[in-house]
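A.B. asks: Structure: input_15.txt, compact mmCIF, C-alpha atoms.
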# COMPACT_ATOMS: atom_id res chain seq x y z
CA ARG A 851 -12.23 24.37 -16.41
CA ARG A 852 -13.32 24.68 -12.81
CA VAL A 853 -11.21 23.04 -10.11
CA ASN A 854 -14.23 20.94 -9.07
CA GLU A 855 -14.50 19.56 -12.59
CA ILE A 856 -10.80 18.65 -12.73
CA ILE A 857 -10.95 16.90 -9.33
CA ALA A 858 -14.21 15.12 -10.24
CA ASP A 859 -12.56 13.70 -13.36
CA SER A 860 -9.20 12.80 -11.83
CA LEU A 861 -10.09 11.62 -8.31
CA PRO A 862 -11.78 8.35 -9.44
CA VAL A 863 -8.69 7.55 -11.53
CA SER A 864 -6.36 8.12 -8.59
CA MET A 865 -8.61 6.18 -6.21
CA THR A 866 -8.74 3.23 -8.61
CA LEU A 867 -4.97 3.20 -8.90
CA GLY A 868 -4.53 3.68 -5.15
CA ALA A 869 -6.96 0.91 -4.25
CA ALA A 870 -5.18 -1.52 -6.59
CA ALA A 871 -1.82 -0.51 -5.11
CA ILE A 872 -3.00 -1.00 -1.51
CA VAL A 873 -4.53 -4.41 -2.30
CA PHE A 874 -1.23 -5.43 -3.91
CA ALA A 875 0.73 -4.08 -0.92
CA LEU A 876 -1.46 -5.95 1.57
CA ILE A 877 -1.27 -9.29 -0.25
CA VAL A 878 2.47 -9.12 -0.84
CA GLY A 879 3.42 -7.42 2.43
CA VAL A 880 1.36 -9.54 4.81
CA GLY A 881 2.26 -12.73 2.95
CA ALA A 882 5.98 -11.97 2.98
CA GLY A 883 5.90 -10.90 6.63
CA VAL A 884 4.12 -14.07 7.75
CA LEU A 885 6.45 -16.34 5.76
CA GLY A 886 9.48 -14.55 7.15
CA ALA A 887 8.24 -14.76 10.75
CA ILE A 888 7.45 -18.48 10.67
CA ARG A 889 11.17 -19.27 10.44
CA PRO A 890 13.07 -16.14 11.53
CA ASN A 891 16.70 -15.77 10.44
CA GLY A 892 16.20 -18.40 7.75
CA VAL A 893 16.73 -18.15 4.01
CA LEU A 894 13.14 -17.06 3.33
CA ASP A 895 13.32 -14.48 6.11
CA ALA A 896 16.55 -13.03 4.71
CA LEU A 897 15.03 -12.88 1.23
CA THR A 898 11.95 -11.09 2.62
CA LEU A 899 14.08 -8.51 4.44
CA THR A 900 16.22 -7.93 1.34
CA VAL A 901 13.20 -7.35 -0.90
CA ALA A 902 11.65 -5.08 1.75
CA LEU A 903 14.86 -3.07 1.98
CA LEU A 904 14.95 -2.63 -1.79
CA GLY A 905 11.27 -1.63 -1.86
CA ILE A 906 11.81 1.03 0.79
CA SER A 907 15.11 2.34 -0.58
CA LEU A 908 14.45 2.57 -4.33
CA PRO A 909 12.58 5.70 -5.50
CA SER A 910 9.29 5.22 -7.34
CA PHE A 911 10.60 6.69 -10.59
CA VAL A 912 13.41 4.12 -10.65
CA ILE A 913 11.04 1.21 -10.01
CA GLY A 914 8.55 2.52 -12.57
CA THR A 915 11.17 3.09 -15.23
CA VAL A 916 12.66 -0.38 -14.78
CA LEU A 917 9.21 -2.02 -14.95
CA LEU A 918 8.37 -0.05 -18.09
CA LEU A 919 11.63 -1.02 -19.77
CA VAL A 920 11.33 -4.72 -18.91
CA PHE A 921 7.62 -5.50 -19.25
CA ALA A 922 6.44 -2.83 -21.70
CA VAL A 923 9.41 -2.14 -23.98
CA TRP A 924 11.58 -5.26 -24.00
CA LEU A 925 8.97 -7.99 -23.45
CA ALA A 926 6.01 -5.98 -24.83
CA TRP A 927 3.62 -7.70 -22.42
CA LEU A 928 1.93 -4.52 -21.16
CA PRO A 929 1.00 -1.17 -22.77
CA VAL A 930 2.97 2.08 -22.45
CA GLY A 931 1.32 5.40 -21.58
CA GLU A 932 -2.25 4.11 -21.74
CA TRP A 933 -5.12 4.19 -19.26
CA GLY A 934 -8.57 2.67 -19.06
CA THR A 935 -7.88 -1.07 -19.20
CA LEU A 936 -6.90 -3.65 -16.61
CA ARG A 937 -3.56 -4.27 -18.33
CA SER A 938 -2.69 -0.57 -18.11
CA LEU A 939 -3.32 -0.64 -14.34
CA ILE A 940 -0.83 -3.40 -13.53
CA LEU A 941 2.52 -1.60 -13.76
CA PRO A 942 1.55 1.66 -12.02
CA ALA A 943 -0.23 -0.29 -9.26
CA ILE A 944 2.86 -2.43 -8.64
CA THR A 945 5.12 0.64 -8.68
CA LEU A 946 2.88 2.53 -6.26
CA GLY A 947 2.32 -0.52 -4.06
CA LEU A 948 5.91 -1.72 -3.63
CA PRO A 949 7.04 0.81 -0.94
CA PRO A 950 3.98 0.25 1.29
CA ALA A 951 4.31 -3.51 0.69
CA ALA A 952 7.86 -3.32 2.02
CA TYR A 953 6.76 -1.43 5.15
CA ILE A 954 3.85 -3.81 5.71
CA ALA A 955 6.17 -6.82 5.36
CA ARG A 956 8.51 -5.45 8.03
CA LEU A 957 5.68 -4.52 10.40
CA THR A 958 3.98 -7.89 9.91
CA ARG A 959 7.21 -9.80 10.43
CA LEU A 960 8.06 -8.01 13.69
CA GLY A 961 4.51 -8.34 15.00
CA MET A 962 4.28 -12.02 14.08
CA ILE A 963 7.61 -12.88 15.70
CA GLU A 964 6.43 -11.18 18.90
CA GLN A 965 2.99 -12.85 18.88
CA LEU A 966 4.30 -16.33 18.06
CA SER A 967 6.38 -16.25 21.27
CA MET A 968 3.37 -15.44 23.46
CA ASP A 969 1.85 -17.85 25.99
CA TYR A 970 -1.55 -18.03 24.27
CA ILE A 971 0.12 -19.33 21.10
CA ARG A 972 1.81 -22.12 23.07
CA THR A 973 -1.54 -22.89 24.68
CA ALA A 974 -3.29 -23.08 21.30
CA ARG A 975 -0.61 -25.44 20.00
CA ALA A 976 -0.80 -27.56 23.15
CA LYS A 977 -4.55 -27.93 22.61
CA GLY A 978 -3.85 -29.39 19.18
CA ALA A 979 -4.89 -26.45 17.00
CA PRO A 980 -3.60 -26.74 13.40
CA GLU A 981 -0.58 -24.60 12.63
CA HIS A 982 -2.36 -22.54 9.97
CA VAL A 983 -5.13 -21.72 12.48
CA VAL A 984 -2.55 -20.69 15.09
CA VAL A 985 -0.68 -18.49 12.63
CA LEU A 986 -3.55 -16.92 10.69
CA ARG A 987 -6.41 -16.74 13.17
CA HIS A 988 -4.60 -16.11 16.45
CA ALA A 989 -1.17 -14.58 15.81
CA LEU A 990 -1.88 -12.59 12.64
CA LYS A 991 -4.98 -10.92 14.06
CA ASN A 992 -3.00 -9.39 16.92
CA ALA A 993 0.07 -8.71 14.81
CA PHE A 994 -2.05 -6.79 12.28
CA LEU A 995 -2.66 -3.76 14.55
CA PRO A 996 0.58 -1.90 13.60
CA VAL A 997 -0.17 -2.61 9.93
CA LEU A 998 -3.67 -1.20 10.39
CA SER A 999 -2.20 2.00 11.86
CA TYR A 1000 0.06 2.38 8.85
CA LEU A 1001 -2.73 1.71 6.35
CA GLY A 1002 -4.59 4.96 7.12
CA PRO A 1003 -2.04 7.48 5.82
CA ALA A 1004 -0.69 5.01 3.24
CA THR A 1005 -4.12 4.56 1.68
CA ALA A 1006 -4.76 8.32 1.67
CA PHE A 1007 -1.45 8.90 -0.07
CA ALA A 1008 -2.06 6.17 -2.63
CA MET A 1009 -5.65 7.16 -3.41
CA THR A 1010 -4.89 10.83 -3.96
CA GLY A 1011 -2.28 9.93 -6.51
CA SER A 1012 1.46 9.61 -6.47
CA PHE A 1013 2.86 12.56 -8.39
CA VAL A 1014 5.86 10.61 -9.65
CA VAL A 1015 4.03 7.40 -10.58
CA GLU A 1016 1.24 9.18 -12.44
CA ARG A 1017 3.82 11.25 -14.28
CA VAL A 1018 5.92 8.24 -15.28
CA PHE A 1019 2.95 6.17 -16.50
CA ASN A 1020 0.93 9.10 -17.91
CA VAL A 1021 -2.03 8.38 -15.62
CA PRO A 1022 -4.67 11.16 -15.75
CA GLY A 1023 -5.07 11.37 -11.98
CA MET A 1024 -4.84 14.07 -9.32
CA GLY A 1025 -1.08 13.77 -9.02
CA LYS A 1026 -0.60 14.73 -12.64
CA HIS A 1027 -2.89 17.75 -12.28
CA PHE A 1028 -1.09 18.77 -9.08
CA VAL A 1029 2.24 18.81 -10.92
CA ASN A 1030 0.69 20.83 -13.73
CA GLY A 1031 -0.76 23.23 -11.15
CA VAL A 1032 2.65 23.77 -9.59
CA GLN A 1033 4.30 24.33 -12.96
CA ASN A 1034 1.57 26.76 -14.05
CA LYS A 1035 1.37 28.45 -10.61
CA ASP A 1036 -2.34 27.57 -10.46
CA LEU A 1037 -2.91 28.26 -6.77
CA PHE A 1038 -6.60 27.28 -6.75
CA LEU A 1039 -5.94 23.86 -8.27
CA ILE A 1040 -3.15 23.22 -5.75
CA ILE A 1041 -5.43 24.20 -2.85
CA GLY A 1042 -8.21 21.96 -4.16
CA VAL A 1043 -5.96 18.91 -4.43
CA VAL A 1044 -4.47 19.53 -0.97
CA LEU A 1045 -7.94 19.87 0.58
CA VAL A 1046 -9.03 16.55 -0.97
CA PHE A 1047 -5.88 14.85 0.32
CA ALA A 1048 -6.36 16.29 3.84
CA THR A 1049 -10.01 15.20 3.92
CA LEU A 1050 -9.16 11.64 2.84
CA LEU A 1051 -6.33 11.50 5.39
CA ILE A 1052 -8.66 12.48 8.24
CA LEU A 1053 -11.45 10.12 7.16
CA LEU A 1054 -9.16 7.12 6.65
CA ASN A 1055 -7.40 7.65 9.99
CA LEU A 1056 -10.84 7.81 11.64
CA LEU A 1057 -11.79 4.57 9.88
CA VAL A 1058 -8.60 2.94 11.19
CA ASP A 1059 -9.49 3.97 14.75
CA VAL A 1060 -12.96 2.45 14.33
CA LEU A 1061 -11.51 -0.77 12.88
CA TYR A 1062 -9.26 -1.20 15.94
CA ARG A 1063 -12.29 -2.31 17.95
CA TRP A 1064 -13.25 -4.83 15.28
CA VAL A 1065 -9.74 -6.31 15.06
CA ASP A 1066 -9.16 -6.36 18.84
CA PRO A 1067 -12.35 -6.22 20.98
CA ARG A 1068 -10.21 -5.46 24.05
CA ILE A 1069 -9.62 -1.94 22.72
CA GLU A 1070 -12.36 0.44 23.84
Produce structure tokens that represent the structure in this file.
C.D. replies:
Amino acid sequence: RRVNEIIADSLPVSMTLGAAAIVFALIVGVGAGVLGAIRPNGVLDALTLTVALLGISLPSFVIGTVLLLVFAVWLAWLPVGEWGTLRSLILPAITLGLPPAAYIARLTRLGMIEQLSMDYIRTARAKGAPEHVVVLRHALKNAFLPVLSYLGPATAFAMTGSFVVERVFNVPGMGKHFVNGVQNKDLFLIIGVVLVFATLLILLNLLVDVLYRWVDPRIE
């Protein structure tokens, strides 16, 4: 098979898995960061930091193996080693999305704590703006810039396939083919995968730079 054929078959699989992982990471990470920043040094904040620390520290193969044992083997809620259905996407997406979710939670928390202490937040509250408007519309928009910077390389990494996650869950994506290429010393396949990853990394970082202006019009 030609390298182009292998990449054409596996790239949509990896991008589907990566997109699901990034959506999961954004929902969980931003939500946890906002909840932790509303009452810093509280019980919820400590729980958020603990979960974020575990998400950053634990390797993907450990998280994936534990999820497989619990939800696929012991509870038999989800399939093992399958691909092509929504149920088969859940566990690998969670495994791939947990580390970026932990980073996003920490970045969001720090940014929110900083923004919530600013003068314009006190002014918005003094004018009688509802708390959810102050937090979500004013503070979160400015606190999201560091998260947006992180999303570029994180999305490129997720969408080109995590070698470990695709190996653990038997996902037929680019990561699995990259591992096979290394084991078989298939130099052309390795170069093809690396070129796709580099292209996505450049394009997504460019997209992040463009989105800066949309998030914060003061940036030119």
A.B. asks: For Phe921 (chain A), list every protein, DNA or RNA residue within 12 Å, evaluated using all atoms listed in the file, and leave out those in the same chain fewer than 4 positions away; present the list as a count of residues only.
C.D. replies: 16
A.B. asks: For Ile888 (chain A), which residue among A:Ser860, A:Ser967, A:Gln1033, A:Thr1010 is the nearest when counting all atoms listed in the file?
C.D. replies: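 Ranked by minimum distance to Ile888 (chain A), first place goes to A:Ser967.
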A.B. asks: Report as a ChimeraX atom specification all protein, DNA and RNA residues lying within 9 Å of Val985 (chain A), evaluated on all atoms listed in the file, omitting residues in the same chain fewer than 5 positions from it.
C.D. replies: /A:884,888,962,966,971,980,990-991
A.B. asks: For a quick check of understanding, using only C-alpha atoms, which of A:Arg972, A:Val1058, A:Val1018, A:Gly892 has the smallest distance to Val984 (chain A)?
C.D. replies: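 Of A:Arg972, A:Val1058, A:Val1018, A:Gly892, the one nearest Val984 (chain A), counting only C-alpha atoms, is A:Arg972.
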A.B. asks: For a quick check of understanding, using all atoms listed in the file, which of A:Ala976, A:Ala887, A:Val878, A:Ile1052 has the smallest distance to Ala989 (chain A)?
C.D. replies: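 Looking at the shortest contact to Ala989 (chain A), the residue is A:Ala887.
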A.B. asks: List the neighbours of Asn854 (chain A) out to 12 Å using all atoms listed in the file; skip same-chain residues closer than 2 positions along the sequence, and give me the result as a list in words.
C.D. replies: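 My list of contacting residues is Arg851, Arg852, Ile856, Ile857, Ala858, Asp859, Ser860, Leu861, Met1024, Phe1038, Leu1039, Ile1040, Ile1041, Gly1042, Val1043, Leu1045 and Val1046 of chain A.
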A.B. asks: Rank A:Leu948, A:Ala882, A:Leu986, A:Val1021 by their smallest atom-to-atom distance to Glu932 (chain A), using all atoms listed in the file, and report the top residue only.
C.D. replies: A:Val1021
A.B. asks: Between CA of Tyr970 (chain A) and CA of Arg987 (chain A), what is the spacing in Å?
C.D. replies: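 Atom-to-atom, CA of Arg987 (chain A) to CA of Tyr970 (chain A), that is 12.2 Å.
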A.B. asks: For Ala951 (chain A), which residue out of A:Ala922, A:Val880, A:Ala993, A:Ala974 is the nearest one, using only C-alpha atoms?
C.D. replies: A:Val880
A.B. asks: Nearest to Thr1049 (chain A): which of A:Val1032, A:Leu946, A:Ala1006, A:His1027 is it, counting all atoms listed in the file?
C.D. replies: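 Using all atoms listed in the file, Thr1049 (chain A) sits closest to A:Ala1006.
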A.B. asks: Quick one: pull the distance between CA of Gly1002 (chain A) and CA of Tyr953 (chain A), Å, one decimal.
C.D. replies: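 According to the coordinates, CA of Gly1002 (chain A) and CA of Tyr953 (chain A) are separated by 13.2 Å.
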A.B. asks: Just to confirm, what's the straight-line distance from CA of Leu904 (chain A) to CA of Arg959 (chain A) in Å (one decimal)?
C.D. replies: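 Those two atoms sit 16.1 Å apart.
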A.B. asks: Can you pull out the residues contacting Lys1026 (chain A)? Cut-off 9 Å, using all atoms listed in the file, and skip same-chain residues under 4 positions away; I want them as a CSV table (one decimal) with C-alpha atoms, in the coordinates of the input.
C.D. replies:
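So selection-v2.csv came out as:
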chain,number,residue,atom,x,y,z
A,860,SER,CA,-9.2,12.8,-11.8
A,1011,GLY,CA,-2.3,9.9,-6.5
A,1012,SER,CA,1.5,9.6,-6.5
A,1013,PHE,CA,2.9,12.6,-8.4
A,1014,VAL,CA,5.9,10.6,-9.6
A,1015,VAL,CA,4.0,7.4,-10.6
A,1016,GLU,CA,1.2,9.2,-12.4
A,1017,ARG,CA,3.8,11.2,-14.3
A,1020,ASN,CA,0.9,9.1,-17.9
A,1021,VAL,CA,-2.0,8.4,-15.6
A,1022,PRO,CA,-4.7,11.2,-15.8
A,1030,ASN,CA,0.7,20.8,-13.7
A,1031,GLY,CA,-0.8,23.2,-11.2
A.B. asks: Work out where the centre of an axis-aligned box around every listed atom of region 902-915 of chain A lies and how long its edges are once 5 Å is added on each side; give both in Å to one decimal as AutoDock Vina command-line options.
C.D. replies:
--center_x 11.8 --center_y 0.8 --center_z -6.6 --size_x 16.6 --size_y 21.8 --size_z 27.2
A.B. asks: Could you list as a short mmCIF file (atom, residue, chain, number, x, y, z; two decimals) with C-alpha atoms, in the frame of the given file every residue that has an atom within 6 Å of (3.4, -6.5, 8.7), using the file's coordinates and counting all atoms listed in the file?
C.D. replies:
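part.cif, freshly written:
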data_model
loop_
_atom_site.label_atom_id
_atom_site.label_comp_id
_atom_site.auth_asym_id
_atom_site.auth_seq_id
_atom_site.Cartn_x
_atom_site.Cartn_y
_atom_site.Cartn_z
CA VAL A 880 1.36 -9.54 4.81
CA GLY A 883 5.90 -10.90 6.63
CA ILE A 954 3.85 -3.81 5.71
CA ALA A 955 6.17 -6.82 5.36
CA ARG A 956 8.51 -5.45 8.03
CA LEU A 957 5.68 -4.52 10.40
CA THR A 958 3.98 -7.89 9.91
CA ARG A 959 7.21 -9.80 10.43
CA VAL A 997 -0.17 -2.61 9.93
#
A.B. asks: Once you've located region 925-938 of chain A in the structure I gave, write it as a compact mmCIF listing (two decimals), in the first residue's frame, keeping all heavy atoms.
C.D. replies:
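out-v8.txt written:
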# COMPACT_ATOMS: atom_id res chain seq x y z
N LEU A 925 -17.57 -3.98 34.38
CA LEU A 925 -18.96 -3.55 34.26
C LEU A 925 -19.59 -3.92 32.91
O LEU A 925 -20.82 -3.96 32.81
CB LEU A 925 -19.06 -2.03 34.46
CG LEU A 925 -18.59 -1.50 35.82
CD1 LEU A 925 -18.65 0.02 35.86
CD2 LEU A 925 -19.43 -2.10 36.95
N ALA A 926 -18.77 -4.15 31.91
CA ALA A 926 -19.23 -4.53 30.56
C ALA A 926 -20.21 -3.52 29.97
O ALA A 926 -21.16 -3.87 29.30
CB ALA A 926 -19.86 -5.93 30.58
N TRP A 927 -19.95 -2.24 30.24
CA TRP A 927 -20.79 -1.18 29.69
C TRP A 927 -20.36 -0.79 28.29
O TRP A 927 -21.20 -0.36 27.49
CB TRP A 927 -20.74 0.06 30.60
CG TRP A 927 -21.46 -0.12 31.90
CD1 TRP A 927 -22.23 -1.19 32.28
CD2 TRP A 927 -21.46 0.78 33.01
NE1 TRP A 927 -22.71 -1.02 33.55
CE2 TRP A 927 -22.26 0.19 34.02
CE3 TRP A 927 -20.87 2.01 33.26
CZ2 TRP A 927 -22.47 0.80 35.25
CZ3 TRP A 927 -21.08 2.63 34.48
CH2 TRP A 927 -21.87 2.04 35.46
N LEU A 928 -19.07 -0.90 27.99
CA LEU A 928 -18.53 -0.42 26.72
C LEU A 928 -17.72 -1.52 26.05
O LEU A 928 -17.21 -2.42 26.73
CB LEU A 928 -17.66 0.82 26.95
CG LEU A 928 -18.41 2.05 27.51
CD1 LEU A 928 -17.44 3.12 27.97
CD2 LEU A 928 -19.37 2.61 26.49
N PRO A 929 -17.58 -1.48 24.72
CA PRO A 929 -16.88 -2.56 24.01
C PRO A 929 -15.36 -2.49 24.18
O PRO A 929 -14.80 -1.45 24.56
CB PRO A 929 -17.27 -2.31 22.54
CG PRO A 929 -17.56 -0.85 22.47
CD PRO A 929 -18.15 -0.48 23.79
N VAL A 930 -14.70 -3.60 23.89
CA VAL A 930 -13.24 -3.71 23.98
C VAL A 930 -12.69 -3.94 22.58
O VAL A 930 -13.13 -4.84 21.87
CB VAL A 930 -12.82 -4.87 24.91
CG1 VAL A 930 -11.30 -4.96 24.99
CG2 VAL A 930 -13.41 -4.69 26.28
N GLY A 931 -11.70 -3.13 22.18
CA GLY A 931 -11.00 -3.36 20.92
C GLY A 931 -11.84 -3.18 19.68
O GLY A 931 -11.53 -3.78 18.64
N GLU A 932 -12.89 -2.39 19.75
CA GLU A 932 -13.74 -2.15 18.58
C GLU A 932 -13.59 -0.70 18.12
O GLU A 932 -13.09 0.15 18.83
CB GLU A 932 -15.21 -2.44 18.91
CG GLU A 932 -15.51 -3.89 19.23
CD GLU A 932 -16.99 -4.12 19.50
OE1 GLU A 932 -17.77 -3.18 19.27
OE2 GLU A 932 -17.35 -5.23 19.92
N TRP A 933 -14.04 -0.44 16.88
CA TRP A 933 -14.05 0.92 16.36
C TRP A 933 -15.17 1.05 15.35
O TRP A 933 -15.50 0.10 14.65
CB TRP A 933 -12.71 1.27 15.72
CG TRP A 933 -12.67 2.68 15.23
CD1 TRP A 933 -12.75 3.11 13.94
CD2 TRP A 933 -12.56 3.87 16.03
NE1 TRP A 933 -12.70 4.47 13.88
CE2 TRP A 933 -12.58 4.98 15.15
CE3 TRP A 933 -12.47 4.09 17.41
CZ2 TRP A 933 -12.51 6.28 15.60
CZ3 TRP A 933 -12.40 5.39 17.86
CH2 TRP A 933 -12.41 6.46 16.97
N GLY A 934 -15.74 2.25 15.26
CA GLY A 934 -16.77 2.49 14.27
C GLY A 934 -18.12 2.87 14.85
O GLY A 934 -19.03 3.24 14.11
N THR A 935 -18.26 2.81 16.18
CA THR A 935 -19.51 3.20 16.82
C THR A 935 -19.23 4.28 17.86
O THR A 935 -18.09 4.49 18.28
CB THR A 935 -20.19 2.00 17.51
OG1 THR A 935 -19.33 1.51 18.56
CG2 THR A 935 -20.44 0.87 16.52
N LEU A 936 -20.30 4.96 18.27
CA LEU A 936 -20.15 6.01 19.27
C LEU A 936 -19.68 5.45 20.60
O LEU A 936 -18.88 6.08 21.30
CB LEU A 936 -21.49 6.74 19.43
CG LEU A 936 -21.51 7.93 20.42
CD1 LEU A 936 -20.53 8.99 19.97
CD2 LEU A 936 -22.92 8.51 20.54
N ARG A 937 -20.16 4.27 20.96
CA ARG A 937 -19.77 3.66 22.24
C ARG A 937 -18.28 3.31 22.25
O ARG A 937 -17.62 3.39 23.29
CB ARG A 937 -20.60 2.40 22.49
CG ARG A 937 -22.08 2.69 22.71
CD ARG A 937 -22.90 1.44 22.86
NE ARG A 937 -22.63 0.76 24.12
CZ ARG A 937 -22.09 -0.45 24.21
NH1 ARG A 937 -21.76 -1.11 23.11
NH2 ARG A 937 -21.88 -0.99 25.39
N SER A 938 -17.73 2.94 21.10
CA SER A 938 -16.31 2.60 21.04
C SER A 938 -15.43 3.83 21.08
O SER A 938 -14.21 3.71 21.27
CB SER A 938 -16.01 1.80 19.77
OG SER A 938 -16.27 2.57 18.61
